[in-house]
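This is model_23.cif. It holds mmCIF, C-alpha atoms.
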data_input
loop_
_atom_site.label_atom_id
_atom_site.label_comp_id
_atom_site.auth_asym_id
_atom_site.auth_seq_id
_atom_site.Cartn_x
_atom_site.Cartn_y
_atom_site.Cartn_z
CA MET A 26 -58.14 16.12 97.29
CA PRO A 27 -61.05 15.26 99.62
CA LEU A 28 -60.84 16.80 103.07
CA ASP A 29 -61.01 13.42 104.83
CA GLN A 30 -58.24 11.82 102.79
CA PRO A 31 -54.46 12.07 103.23
CA LYS A 32 -52.82 14.30 100.69
CA GLU A 33 -50.14 12.72 98.56
CA GLY A 34 -46.83 14.52 98.72
CA THR A 35 -46.54 14.97 102.48
CA LYS A 36 -44.49 11.88 103.24
CA LYS A 37 -40.88 12.17 104.37
CA ARG A 38 -38.18 10.28 102.50
CA ARG A 39 -37.57 6.87 103.98
CA VAL A 40 -34.75 4.35 103.91
CA ILE A 41 -35.29 1.43 101.56
CA GLN A 42 -34.51 -2.05 102.88
CA ILE A 43 -34.59 -5.39 101.10
CA LEU A 44 -36.91 -7.60 103.16
CA ASP A 45 -37.14 -11.30 102.39
CA SER A 46 -39.62 -12.69 104.91
CA PRO A 47 -43.41 -12.61 104.26
CA ASP A 48 -44.06 -10.73 107.51
CA GLY A 49 -41.71 -7.91 106.50
CA LYS A 50 -38.89 -8.81 108.89
CA LYS A 51 -35.26 -9.08 107.93
CA SER A 52 -34.34 -12.62 107.06
CA THR A 53 -31.38 -14.10 108.94
CA LYS A 54 -30.48 -15.92 105.76
CA MET A 55 -30.79 -13.31 103.05
CA LYS A 56 -30.23 -14.58 99.58
CA LYS A 57 -27.03 -13.61 97.85
CA ALA A 58 -29.09 -11.75 95.22
CA SER A 59 -30.64 -9.57 97.94
CA TYR A 60 -27.21 -8.51 99.18
CA LEU A 61 -26.21 -7.80 95.59
CA HIS A 62 -29.33 -5.70 95.01
CA LEU A 63 -28.85 -3.77 98.26
CA GLU A 64 -25.19 -3.06 97.52
CA THR A 65 -26.01 -1.90 94.00
CA ILE A 66 -28.89 0.27 95.20
CA GLN A 67 -26.67 1.97 97.79
CA GLN A 68 -23.96 2.64 95.21
CA PHE A 69 -26.57 3.77 92.71
CA SER A 70 -28.08 6.27 95.16
CA HIS A 71 -24.68 7.90 95.79
CA ASN A 72 -23.94 8.36 92.10
CA VAL A 73 -27.37 9.16 90.68
CA LEU A 74 -27.15 12.95 90.68
CA ALA A 75 -23.99 12.92 88.59
CA TYR A 76 -25.61 10.72 85.96
CA SER A 77 -29.30 11.65 86.23
CA ASP A 78 -29.66 12.21 82.47
CA THR A 79 -28.62 8.64 81.60
CA TYR A 80 -30.96 5.67 81.34
CA ILE A 81 -31.17 2.35 83.14
CA TRP A 82 -33.89 1.09 80.76
CA LYS A 83 -34.94 2.31 77.33
CA CYS A 84 -36.97 1.22 74.31
CA ALA A 85 -38.30 2.98 71.23
CA GLU A 86 -41.38 4.25 73.08
CA ALA A 87 -40.28 4.93 76.64
CA SER A 88 -37.29 5.22 78.93
CA VAL A 89 -36.43 5.20 82.65
CA SER A 90 -33.61 7.50 83.75
CA ARG A 91 -31.29 7.04 86.70
CA LEU A 92 -33.11 9.91 88.38
CA ASP A 93 -36.44 8.11 87.86
CA ALA A 94 -34.94 5.05 89.51
CA TYR A 95 -33.58 7.11 92.42
CA ILE A 96 -37.04 8.56 93.04
CA LEU A 97 -38.48 5.06 92.83
CA LEU A 98 -36.07 3.87 95.53
CA THR A 99 -36.51 6.80 97.91
CA GLY A 100 -40.30 6.76 98.13
CA GLY A 101 -40.95 9.67 95.77
CA GLU A 102 -43.73 10.28 93.28
CA LEU A 103 -43.09 8.19 90.17
CA SER A 104 -43.01 9.68 86.68
CA ASP A 105 -45.30 8.66 83.83
CA ASP A 106 -42.22 7.13 82.15
CA VAL A 107 -41.82 4.55 84.92
CA ILE A 108 -45.50 3.57 84.66
CA ASP A 109 -45.29 3.42 80.87
CA ALA A 110 -42.21 1.20 81.06
CA PHE A 111 -44.04 -1.19 83.37
CA VAL A 112 -47.02 -1.45 81.00
CA ILE A 113 -44.84 -1.92 77.91
CA ARG A 114 -42.83 -4.69 79.55
CA LEU A 115 -45.88 -6.45 80.95
CA CYS A 116 -47.74 -6.33 77.61
CA ASN A 117 -44.68 -7.73 75.89
CA LYS A 118 -44.63 -10.66 78.31
CA ILE A 119 -48.36 -11.27 77.84
CA GLU A 120 -47.94 -11.36 74.06
CA THR A 121 -44.72 -13.39 73.87
CA THR A 122 -45.03 -16.01 76.62
CA ASN A 123 -47.57 -18.58 77.75
CA SER A 124 -47.50 -17.35 81.34
CA TYR A 125 -50.48 -15.02 81.00
CA ASP A 126 -53.96 -14.98 79.47
CA ARG A 127 -53.78 -13.14 76.15
CA LYS A 128 -57.43 -12.14 76.46
CA ILE A 129 -56.33 -9.60 79.08
CA HIS A 130 -55.12 -6.28 77.69
CA VAL A 131 -53.45 -3.40 79.57
CA THR A 132 -53.53 0.07 78.00
CA ARG A 133 -50.78 2.65 78.14
CA PRO A 134 -51.14 5.19 80.97
CA TRP A 135 -51.97 8.20 78.79
CA LEU A 136 -55.13 6.75 77.17
CA ALA A 137 -57.51 7.76 79.97
CA GLN A 138 -55.76 11.12 80.31
CA ALA A 139 -56.70 12.02 76.72
CA PHE A 140 -60.37 11.27 77.44
CA LEU A 141 -60.44 13.20 80.70
CA GLU A 142 -58.79 16.22 79.07
CA GLY A 143 -61.36 16.20 76.26
CA ASN A 144 -58.81 16.36 73.44
CA LEU A 145 -60.80 14.64 70.66
CA GLU A 146 -57.89 14.47 68.21
CA MET A 147 -55.65 12.90 70.84
CA VAL A 148 -58.45 10.54 71.94
CA ALA A 149 -58.72 9.12 68.41
CA LYS A 150 -54.94 8.73 68.21
CA ARG A 151 -54.64 7.05 71.60
CA MET A 152 -57.54 4.67 70.93
CA ASN A 153 -55.99 3.66 67.62
CA GLU A 154 -52.71 2.93 69.42
CA ASN A 155 -54.20 1.22 72.48
CA VAL A 156 -57.63 -0.32 71.95
CA SER A 157 -58.51 -1.21 68.39
CA GLN A 158 -62.00 -2.49 67.59
CA GLN A 159 -60.56 -5.97 67.11
CA LYS A 160 -58.79 -5.81 70.48
CA PHE A 161 -61.97 -4.63 72.17
CA LEU A 162 -64.01 -7.51 70.75
CA GLU A 163 -61.36 -10.19 71.33
CA CYS A 164 -60.31 -9.38 74.90
CA GLU A 165 -62.26 -10.49 77.93
CA ARG A 166 -60.69 -7.91 80.23
CA ILE A 167 -59.19 -4.48 79.50
CA LEU A 168 -57.21 -2.75 82.26
CA ILE A 169 -56.99 1.03 82.00
CA PRO A 170 -54.73 3.10 84.31
CA ILE A 171 -56.17 6.51 85.21
CA VAL A 172 -54.45 9.54 86.69
CA SER A 173 -56.69 12.29 88.06
CA SER A 174 -56.15 14.94 90.71
CA GLY A 175 -52.57 13.68 91.07
CA HIS A 176 -53.69 10.13 91.95
CA TRP A 177 -53.24 6.90 89.96
CA HIS A 178 -56.08 4.37 90.04
CA LEU A 179 -57.36 1.60 87.77
CA VAL A 180 -60.47 0.72 85.79
CA GLU A 181 -61.05 -2.85 84.61
CA LEU A 182 -63.60 -3.61 81.86
CA VAL A 183 -65.00 -7.16 82.06
CA ARG A 184 -66.93 -7.51 78.82
CA GLU A 185 -68.77 -10.75 79.62
CA GLU A 186 -70.17 -9.20 82.80
CA THR A 187 -70.87 -5.83 81.12
CA LYS A 188 -69.24 -4.16 84.11
CA PHE A 189 -66.36 -1.87 84.94
CA TYR A 190 -64.46 -2.44 88.19
CA HIS A 191 -62.70 0.45 89.92
CA TYR A 192 -59.56 -0.03 92.04
CA SER A 193 -58.23 2.91 94.06
CA SER A 194 -55.76 2.93 96.95
CA ILE A 195 -57.43 6.10 98.26
CA ASN A 196 -61.15 5.70 98.76
CA SER A 197 -62.69 8.98 97.62
CA PRO A 198 -65.82 10.00 95.67
CA ILE A 199 -63.59 12.32 93.63
CA TYR A 200 -61.72 9.42 92.04
CA THR A 201 -64.92 7.41 91.59
CA ALA A 202 -66.43 10.38 89.75
CA ASP A 203 -63.34 10.63 87.53
CA ALA A 204 -63.65 6.91 86.73
CA VAL A 205 -67.32 7.36 85.79
CA LYS A 206 -66.43 10.37 83.62
CA PHE A 207 -63.80 8.36 81.78
CA ILE A 208 -66.07 5.33 81.31
CA ASN A 209 -68.87 7.46 79.84
CA LYS A 210 -66.50 9.11 77.36
CA PHE A 211 -64.82 5.80 76.50
CA MET A 212 -68.09 3.99 75.76
CA SER A 213 -69.48 7.00 73.88
CA PHE A 214 -66.41 7.00 71.62
CA ILE A 215 -66.88 3.31 70.82
CA GLU A 216 -70.59 3.76 70.05
CA SER A 217 -69.92 6.77 67.82
CA ASN A 218 -66.94 5.48 65.87
CA TRP A 219 -67.00 1.69 65.57
CA GLY A 220 -70.42 0.99 64.09
CA LEU A 221 -71.34 -1.49 66.83
CA GLY A 222 -74.68 0.11 67.53
CA LYS A 223 -76.01 0.94 70.96
CA LEU A 224 -73.90 -0.84 73.57
CA GLU A 225 -75.44 -2.47 76.61
CA HIS A 226 -75.15 -0.41 79.78
CA HIS A 227 -72.00 -1.18 81.76
CA GLY A 228 -72.24 -0.56 85.50
CA LEU A 229 -69.37 0.47 87.78
CA VAL A 230 -68.37 -1.58 90.83
CA SER A 231 -65.97 -0.08 93.38
CA VAL A 232 -63.66 -2.85 94.58
CA VAL A 233 -62.59 -2.89 98.23
CA VAL A 234 -58.78 -2.87 98.08
CA PRO A 235 -55.88 -2.11 100.48
CA GLN A 236 -55.32 1.60 101.10
CA GLN A 237 -52.00 3.44 100.78
CA GLY A 238 -52.28 5.82 103.70
CA SER A 239 -50.40 9.15 103.65
CA THR A 240 -47.72 8.10 101.17
CA LEU A 241 -46.78 8.66 97.53
CA ASP A 242 -47.36 4.99 96.71
CA CYS A 243 -50.50 5.14 94.55
CA VAL A 244 -48.50 3.93 91.52
CA ILE A 245 -47.06 1.00 93.48
CA PHE A 246 -50.56 -0.03 94.56
CA MET A 247 -51.96 0.38 91.03
CA ILE A 248 -49.17 -1.72 89.53
CA GLU A 249 -49.85 -4.45 92.08
CA PHE A 250 -53.58 -4.28 91.30
CA ILE A 251 -52.71 -4.86 87.63
CA ASN A 252 -50.31 -7.70 88.44
CA SER A 253 -52.89 -9.39 90.67
CA ILE A 254 -55.55 -9.28 87.95
CA VAL A 255 -53.20 -10.43 85.19
CA GLU A 256 -51.82 -13.25 87.35
CA LYS A 257 -55.34 -14.13 88.58
CA ARG A 258 -54.50 -13.98 92.28
CA SER A 259 -55.73 -12.10 95.33
CA ILE A 260 -54.58 -8.55 96.03
CA THR A 261 -52.38 -8.70 99.12
CA ILE A 262 -50.28 -5.51 99.05
CA SER A 263 -50.28 -3.26 102.12
CA LYS A 264 -48.71 0.13 102.77
CA GLY A 265 -45.95 -1.59 104.75
CA ASP A 266 -44.92 -3.54 101.64
CA CYS A 267 -44.20 -0.60 99.36
CA ALA A 268 -40.50 -0.14 100.12
CA LYS A 269 -40.01 -3.80 99.24
CA TYR A 270 -41.96 -3.45 95.98
CA ARG A 271 -40.04 -0.32 95.01
CA ALA A 272 -36.71 -2.09 95.59
CA ARG A 273 -37.83 -5.09 93.54
CA PHE A 274 -38.98 -2.89 90.66
CA CYS A 275 -35.67 -1.05 90.57
CA ALA A 276 -33.60 -4.22 90.89
CA ALA A 277 -35.50 -5.77 88.00
CA LEU A 278 -34.70 -2.74 85.84
CA LEU A 279 -31.03 -2.80 86.81
CA TYR A 280 -30.37 -6.53 86.50
CA ALA A 281 -32.89 -7.87 83.99
CA ARG A 282 -33.66 -5.10 81.57
CA ASP A 283 -35.55 -7.37 79.19
CA SER A 284 -37.84 -8.76 81.90
CA PRO A 285 -41.01 -7.33 83.47
CA PHE A 286 -40.75 -5.63 86.86
CA LEU A 287 -41.98 -8.69 88.71
#
Starting from the file, give its structure as structure tokens.
Amino acid sequence: MPLDQPKEGTKKRRVIQILDSPDGKKSTKMKKASYLHLETIQQFSHNVLAYSDTYIWKCAEASVSRLDAYILLTGGELSDDVIDAFVIRLCNKIETTNSYDRKIHVTRPWLAQAFLEGNLEMVAKRMNENVSQQKFLECERILIPIVSSGHWHLVELVREETKFYHYSSINSPIYTADAVKFINKFMSFIESNWGLGKLEHHGLVSVVVPQQGSTLDCVIFMIEFINSIVEKRSITISKGDCAKYRARFCAALLYARDSPFL
């Protein structure tokens, strides 16, 4: 971690509240659903340790345990399974509804990790599963979650602009360098394996985005970056919003298991 940046993992556990008003204040007229979510979350927190090996959401490729959900609610560091579940559910909605642009593709969270670790066999496997040549040529935007040095950030490829955009809730040259390293390996793989010839140079633009502060909320910020791009709206999350986002994510898993987090 850079010396001038807060280190993730130092934040104390905080109490999660359901907040309905845009300015983060308690609404005097909370919706019935909010009371229901709060009551369920409180009951869930009391019982989680006894049932931590059971699941609140599961599919053939990923699962979210009750312990994962408890950590989500209490401000802890989220597991790769929670991130993977978000991506799977979002991609399913993109592909099966008319709510989103199908020329936007989101990769699974372990694609970039394979490139950064330099495992060539795993890189080929992950690319085959995540970004086929047809997908690369058809999509206008490809969103790629990256985890490096314990921090989750996002790279967005915009093919028409021949640019990559980098979104990080901690502004540090370390994470920018990791993004550049991934991009170079990613483009080199495509040039070497897909027979497309020499690709045009793609520059990297660091996007000015809200910062997380000294919390464990990098995943929450990254997920909101993805949602903002997919929904084609401005990024408005702030570090004061994260408890609300965490509660919403968990409530969506508990009450609408076939729906995306948001």
### Query
What does the distance from CA of Gln158 (chain A) to CA of Ile119 (chain A) come to in Å, to one decimal?
19.2 Å
### Task
Determine the nearest neighbour of Glu256 (chain A) from the options A:Trp82, A:Tyr125, A:Tyr95, A:Trp135, counting only C-alpha atoms.
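Nearest to Glu256 (chain A): A:Tyr125.
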### Message
Since I can't run it myself right now, could you work out what the PyMOL selection byres ((chain A and resi 116) around 12) selects here and report it as JSON, numbers by chain?
### Response
{"A": [109, 110, 111, 112, 113, 114, 115, 117, 118, 119, 120, 121, 122, 124, 125, 126, 127, 128, 129, 130, 131, 132, 133, 155, 167, 168, 251, 252, 255, 284, 285, 286]}
### Task
Spell out the residues picked by the PyMOL selection byres ((chain A and resi 233-239) around 6) here, as an NGL selection string.
:A and (31 or 194-195 or 232 or 240 or 263-264)
Could you write out as a PDB file with C-alpha atoms, keeping the file's coordinate frame the residues that the PyMOL selection byres ((chain A and resi 185) around 10) matches in the shown file?
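What landed in out23.pdb:
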ATOM      1  CA  CYS A 164     -60.310  -9.380  74.900  1.00  0.00           C
ATOM      2  CA  GLU A 165     -62.260 -10.490  77.930  1.00  0.00           C
ATOM      3  CA  ARG A 166     -60.690  -7.910  80.230  1.00  0.00           C
ATOM      4  CA  LEU A 182     -63.600  -3.610  81.860  1.00  0.00           C
ATOM      5  CA  VAL A 183     -65.000  -7.160  82.060  1.00  0.00           C
ATOM      6  CA  ARG A 184     -66.930  -7.510  78.820  1.00  0.00           C
ATOM      7  CA  GLU A 186     -70.170  -9.200  82.800  1.00  0.00           C
ATOM      8  CA  THR A 187     -70.870  -5.830  81.120  1.00  0.00           C
ATOM      9  CA  LYS A 188     -69.240  -4.160  84.110  1.00  0.00           C
TER      10      LYS A 188
END
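Reported to one decimal place, the separation of CA of Ile254 (chain A) from CA of His191 (chain A) is 12.2 Å.
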### Option closest in space to Phe246 (chain A), from A:Tyr200, A:Phe161, A:Phe214, A:Tyr270 [counting all atoms listed in the file]
A:Tyr270
Step by step, gather every atom of region 145-151 of chain A that the file lists, find the box along x, y and z that holds them, add 6 Å on each side, and finally give centre and edge lengths in Å to one decimal, as JSON.
{"center_x": -57.7, "center_y": 10.8, "center_z": 70.1, "size_x": 18.2, "size_y": 19.6, "size_z": 15.7}
#### Entry: Nearby residues, (-57.9, 15.8, 90.7) file frame, 10 Å, only C-alpha atoms, as a count of residues only
10
### Query
Interatomic distance between CA of Ala204 (chain A) and CA of His227 (chain A)?
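That distance, rounded to one decimal, is 12.6 Å.
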### Task
Have a look at A:Asp266, A:Asp242, A:Glu181, A:Glu249 and name the one nearest to Val230 (chain A); count all atoms listed in the file.
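Nearest to Val230 (chain A): A:Glu181.
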### Message
With all atoms listed in the file as the counted atoms, please give the residues lying no more than 10 Å from region 139-147 of chain A, apart from itself and same-chain residues fewer than 2 positions off, as a PyMOL selection string.
### Response
chain A and resi 134-137+149-153+171-173+203-204+206-211+214
